[in-house]
Amino acid sequence: MAPGDRGGGDMEGDVFADLSRHVDRAFYGHLYKDIVQATLDPVEHWHSHGWAERRHPNVWFDTGFYLDAYPDIERARIDPLLHYIRHGRAEGRLPRPPRATRRAILAAARPAAARPAGYDAPPDAPILDATELAARLLHAMAPAALAKGGGRVGLVVAASHDRYIDITGGIQLVLADEMAACAAAGTTHLHLAPAVARMHLADDIEPACLLQATIDGVFQGLAPADAAVAAIAEVARALPQRPRRFVVHSPLGHRTATLAALAAACGPDPVFWLHDHTSLCEGYNLLRNDLDACGAPPAESMACRICVHGEGRQAHRARLRALFEAVPFHVLAPSRVTLDLWLARADLPFASARVEEPATLAPPAADVRPVPATNPAAPLRTAFLGFPLPNKGWPLFLDLVTALAFAPPDDHACALYQFATEAALQPMDLVATVPVRVGRGARHAAVEALARHDIEAVILPSPWPETFSFVAHEAVAAGAAVLTIEAAGNIAAMVRRHDAGRVFETGEALIEYLLSGRARDEIRARPRPGPRTMIPGQGSLPLLESLLDASRP
Amino acid sequence: MTIACFTSFTWGYLARARVLSRTLRAAHPDWHQVALIVDTPAAGMEAALAGFDEVVFAAELGVPDFPAFLFRHTLVEACTALKPRMLARLLETGAEAVVYLDPDIAVFHPLAAVLRALESASIVLTPHQHAPNDEPQAIHDAERTAQLYGVFNLGFAAIRNDGTGRGFARWWQSRCETDCRDAPEEGLFTDQRYCDLVPALFPRVAVLRDPGCNVASWNLSRRLPVVTAEGALDVDGSPLAFYHFTKIGDVGDTMTRRYARNELPLELAHWWQRQVAAAAVPSISDRPWAWRYFADGTPIPPGLRRAWRTERDLRARFADPFATGPDSFLAWIVHERPHLLTAAET
């Protein structure tokens with residue numbers, strides 16, 4: 001487009017102006033790569049061809065729905081978005097099916113066993129037999145013992161659902177911290193994940209799957225489950241004075257019989273983490289039909305009967321009960337609310353249960369951060385942080401985008417940002433996207449990025465009882481106010497504990513708070529908290545060491 | 001109270017009926033469940049029907065001139081026309097009360113409100129609408145439709161085995177076996193419109209307005225199902241006893257989406273469709289209705305059934321209208337009124 005050209009091709013100026021406000025160029029270009037490749041203007045393409053091809057012009061207008069629901073528009077062969085913004089909206093027509101997002105989530109809801117499995121193991125990974133795995137473990141343990149005088153725990157064997165060294169997520173961060181703490185203490189860390197990542201327990205009658213073995217953060221290869229058990233037994237024979245301990249960070253994808261055998265091979269004081277609600281239900285987010293927080297009602301309740309996760313819940317719980325009866329776990333919860341829910345609903349035997357926060361916030365460096373020179377009427381810089389998924393509250397953020405699309409730009413009470421990994425960014429004209437990847441080597445990347453963009457509020461409206469939430473801690477560490485909802489579990493609890501934002505009954509109330517300008521005025525009226533350092537935890541190691549010390553004469 | 005509960009269906013609705021049977025058994029394990037199958041018997045269905053205590057085929061009901069009776073009815077008309085006769089038969093066998101439930105109903109919590117009503121009433125019916133609507137679209141969809149198709153939904157009825165109950169059964173049977181048609185423009189809708197008269201014709205009629213009974217897309221504008229903290233299903237303060245999945249998978253979906261004020265009715269429909277799919281018996285669930293065809297497999301269009309129903313001399317001339325061959329009704333039609341064979345039956 002030439003400088004000064006307002007664009008629009010053959011379109012009348014007012015048509016182009018009206019459409020320009022609602023055809024989301026960033027969204028359109030991200031969704032339709034052919035438009036970008038052909039260097040077409042999205043507004044022109046939409047008006048000339050896009051709607052007839054039933055493409056979507058933005059996140060809130062469902063072209064197919066509008067044309068199907070209103071045959072008069074389809075018959076008239078007119079741009080349906082232009083019709084909606086000029087007439088349809090005032091006539092009470094709908095731009096998409098009512099409650100479309102929730103209904104789409106329900107339609108897609110599947111039992112965990114019906115979801116496609118992920119294949120994690122590298123195709124060229126070597127197969128390790130018991131002798132080879134034992135040799136590698138003994139090799140790892142020897143220098144640690146020599147250099148550090150030997151950790152009080154010799155070997156931690158940790159099981160979870162995927163290979164933590166390659167994935168960004170809460171469980172993986174705790175495992176990385178646990179491994180780092182072990183390395184510092186002279187303790188060797190063996191991690192075992194199923195070769196095939198699945199979000200349900202493996203059937204005990206099917207052949208045992210291979211396990212991906214990672215020692216001290218370095219992937220070694222694939223070991224059959226019985227080889228892993230035999231290797232740990234061999235370590236016990238070779239180094240009987242070096243205690244071994246077993247930790248379950250997630251049982252998903254594993255056979256419970258394998259977990260019990262690994263626990264038996266490791267010795268006393270096994271640990272089970274409540275990073276999610278897997279021990280209560282196969283639907284580990286506790287969302288009935290992936291929609292609403294269910295609170296883990298009795299498995300025979302009607303709520304479970306009508307839920308996609310209810311059908312498998314009794315069998316899932318029976319397997320877990322057998323595991324907990326065979327293995328006297330010490331239960332570690334990342335938060336008080338998680339532990340309270342588990343104690344109220346799990347009905348499983350355990351040796352002990354306590355809270356171990358995966359990270360803590362240091363006190364603010366200073367009481368008050370100098371308030372940047374901000375025009376008090378300027379929009380509140382408001383971010384969504386984390387995976388753009390329904391179970392993180394992303395649909396509510398899209399509702400916010402939609403509401404802003406119909407407000408005059410001068411009246412916008414908030415300016416929107418999305419912080420996520422590059423691949424997870426969802427470009428939209430009204431949202432500034434910021435790529436950020438948190439990992440073992442960049443634990444503070446999100447905190448730094450939020451601070452760099454001077455984000456004042458982060459919205460985290462997870463619809464399920466989050467057990468910890470690193471992103472909520474990152475937001476508070478960056479000095480932002482966290483806006484969340486009651487259903488969000490530990491996010492709501494930590495907002496209250498740190499007086500770090502507001503908790504709303506509903507997502508609608510949260511949106512209203514932002515749109516009305518009250519969020520902007522109230523958040524800016526308070527002294528801005530200074531940045532805080534997020535201190536990573538040490539995983540299971542502190543508990544394992546204290547139990548070991550307590551058991552020694 | 002000893003209760004017999006029956007449903008009426010063809011093989012095509014077997015999966016739905018099995019879901020009804022299983023969910024009813026969970027709520028009322030002691031009720032005597034009866035399947036009335038308005039179709040011809042099929043081999044190897046014992047396991048599929050094991051949830052029922054008794055299976056009765058339509059031909060066993062002793063309907064006079066049974067082939068002629070069947071020929072005047074479409075599938076839905078036949079299934080409904082035989083309900084009163086089945087009701088009368090179960091009353092004769094001595095059950096203290098008989099409950100009818102449509103095969104596209106599922107039971108969630110015990111039918112306590114029904115049992116309470118039967119303590120003082122002889123006839124218990126559920127109205128399509130139990131509270132006034134105020135939106136024009138809802139008034140049309142809910143109230144105007146009820147005026148055309150019947151005040152009460154006869155997907156449910158509970159009848160006490162007393163003089164009034166038996167008198168109702170005789171009256172209903174007489175009306176349905178005389179004229180059980182889908183003709184709302186004539187003030188008829190199978191077995192249902194007749195029952196508009198019931199509160200006037202019979203004493204001790206309970207109009208069960210309990211919001212947990214017979215919840216369906218057609219009353220969601222005035223009923224709000226929710227899940228309680230303990231995982232029970234509740235409708236405006238009453239347990240959800242039974243939900244009627246009318247035309248789910250078809251126009252019922254549109255009505256459900258239009259009137260559901262939360263996602264729970266859609267969750268129920270999603271669940272029910274999964275259950276029905278799991279309860280399907282592939283060898284028979286797709287089998288067409290036995291009496292959809294002449295004996296040689298020629299489909300019977302509705303216009304032909306209409307001619308048979310309205311022309312007394314045809315009925316006098318052909319004893320078995322399904323028969324084919326020389327001197328059959330079909331041969332006569334082919335010769336005299338071939339145009340009636342062109343429209344396929346729906």
# chains A, B, ... in the order shown; residues from 1 in each chain; ligands from 1
$ interface_residues --of "chain A" --to "chain B" --cutoff "12 Å" --atoms "only C-alpha atoms" --output "VMD selection string"
chain A and resid 69 97 to 111 288 to 311 345
$ residues_around --residues "Leu224 (chain B)" --least-positions-apart "6" --cutoff "10 Å" --atoms "only C-alpha atoms" --output "VMD selection string"
chain B and resid 211 to 212 215 234 to 237 259 to 262 264 to 265
$ write_last_selection --atoms "N, CA and C atoms" --output "JSON list (two decimals), in the first residue's frame"
[["chain", "number", "residue", "atom", "x", "y", "z"],
["B", 211, "PRO", "N", -41.08, -29.74, 39.08],
["B", 211, "PRO", "CA", -40.17, -29.34, 37.99],
["B", 211, "PRO", "C", -39.12, -30.40, 37.63],
["B", 212, "GLY", "N", -38.97, -31.44, 38.48],
["B", 212, "GLY", "CA", -37.97, -32.48, 38.17],
["B", 212, "GLY", "C", -38.53, -33.62, 37.34],
["B", 215, "VAL", "N", -38.60, -33.28, 32.41],
["B", 215, "VAL", "CA", -37.88, -32.11, 31.92],
["B", 215, "VAL", "C", -37.50, -32.40, 30.46],
["B", 234, "ASP", "N", -30.57, -31.28, 40.07],
["B", 234, "ASP", "CA", -31.68, -30.62, 40.73],
["B", 234, "ASP", "C", -32.33, -29.65, 39.75],
["B", 235, "VAL", "N", -33.67, -29.59, 39.81],
["B", 235, "VAL", "CA", -34.39, -28.65, 38.94],
["B", 235, "VAL", "C", -35.27, -27.76, 39.82],
["B", 236, "ASP", "N", -34.90, -26.53, 39.95],
["B", 236, "ASP", "CA", -35.69, -25.56, 40.71],
["B", 236, "ASP", "C", -36.11, -26.11, 42.08],
["B", 237, "GLY", "N", -35.19, -26.78, 42.73],
["B", 237, "GLY", "CA", -35.46, -27.27, 44.09],
["B", 237, "GLY", "C", -35.94, -28.70, 44.17],
["B", 259, "TYR", "N", -33.36, -22.83, 24.38],
["B", 259, "TYR", "CA", -33.95, -22.53, 25.69],
["B", 259, "TYR", "C", -33.07, -22.89, 26.89],
["B", 260, "ALA", "N", -31.99, -23.65, 26.68],
["B", 260, "ALA", "CA", -31.14, -23.98, 27.82],
["B", 260, "ALA", "C", -30.49, -22.71, 28.35],
["B", 261, "ARG", "N", -30.62, -22.50, 29.66],
["B", 261, "ARG", "CA", -30.02, -21.30, 30.24],
["B", 261, "ARG", "C", -28.66, -21.58, 30.85],
["B", 262, "ASN", "N", -28.27, -22.83, 30.85],
["B", 262, "ASN", "CA", -26.88, -23.18, 31.16],
["B", 262, "ASN", "C", -26.55, -24.39, 30.28],
["B", 264, "LEU", "N", -26.08, -27.47, 31.22],
["B", 264, "LEU", "CA", -26.43, -28.79, 31.75],
["B", 264, "LEU", "C", -27.37, -29.59, 30.84],
["B", 265, "PRO", "N", -28.42, -28.98, 30.26],
["B", 265, "PRO", "CA", -29.24, -29.78, 29.34],
["B", 265, "PRO", "C", -28.43, -30.33, 28.16]]
$ residues_around --residues "Met1 (chain B)" --least-positions-apart "5" --cutoff "9 Å" --atoms "only C-alpha atoms" --output "list in words"
Ala95, Glu96, Ala97 and Leu115 of chain B
$ residues_around --residues "region 443-454 of chain A" --least-positions-apart "3" --cutoff "6 Å" --atoms "only C-alpha atoms" --output "ChimeraX atom specification"
/A:438-440,474,478
$ residues_around --residues "Val124 (chain B)" --least-positions-apart "2" --cutoff "9 Å" --atoms "only C-alpha atoms" --output "PyMOL selection string"
chain B and resi 114+117-118+121-122+126+156-160+204-208
$ residues_around --residues "Arg222 (chain B)" --least-positions-apart "5" --cutoff "9 Å" --atoms "only C-alpha atoms" --output "list in words"
Gln129, His130, Ala131, Pro132, Asn133, Pro211 and Tyr259 of chain B
$ closest_residue --among "B:Leu125, B:Ala81, B:Ala138, B:Val281" --to "Ala15 (chain B)" --atoms "only C-alpha atoms"
B:Val281
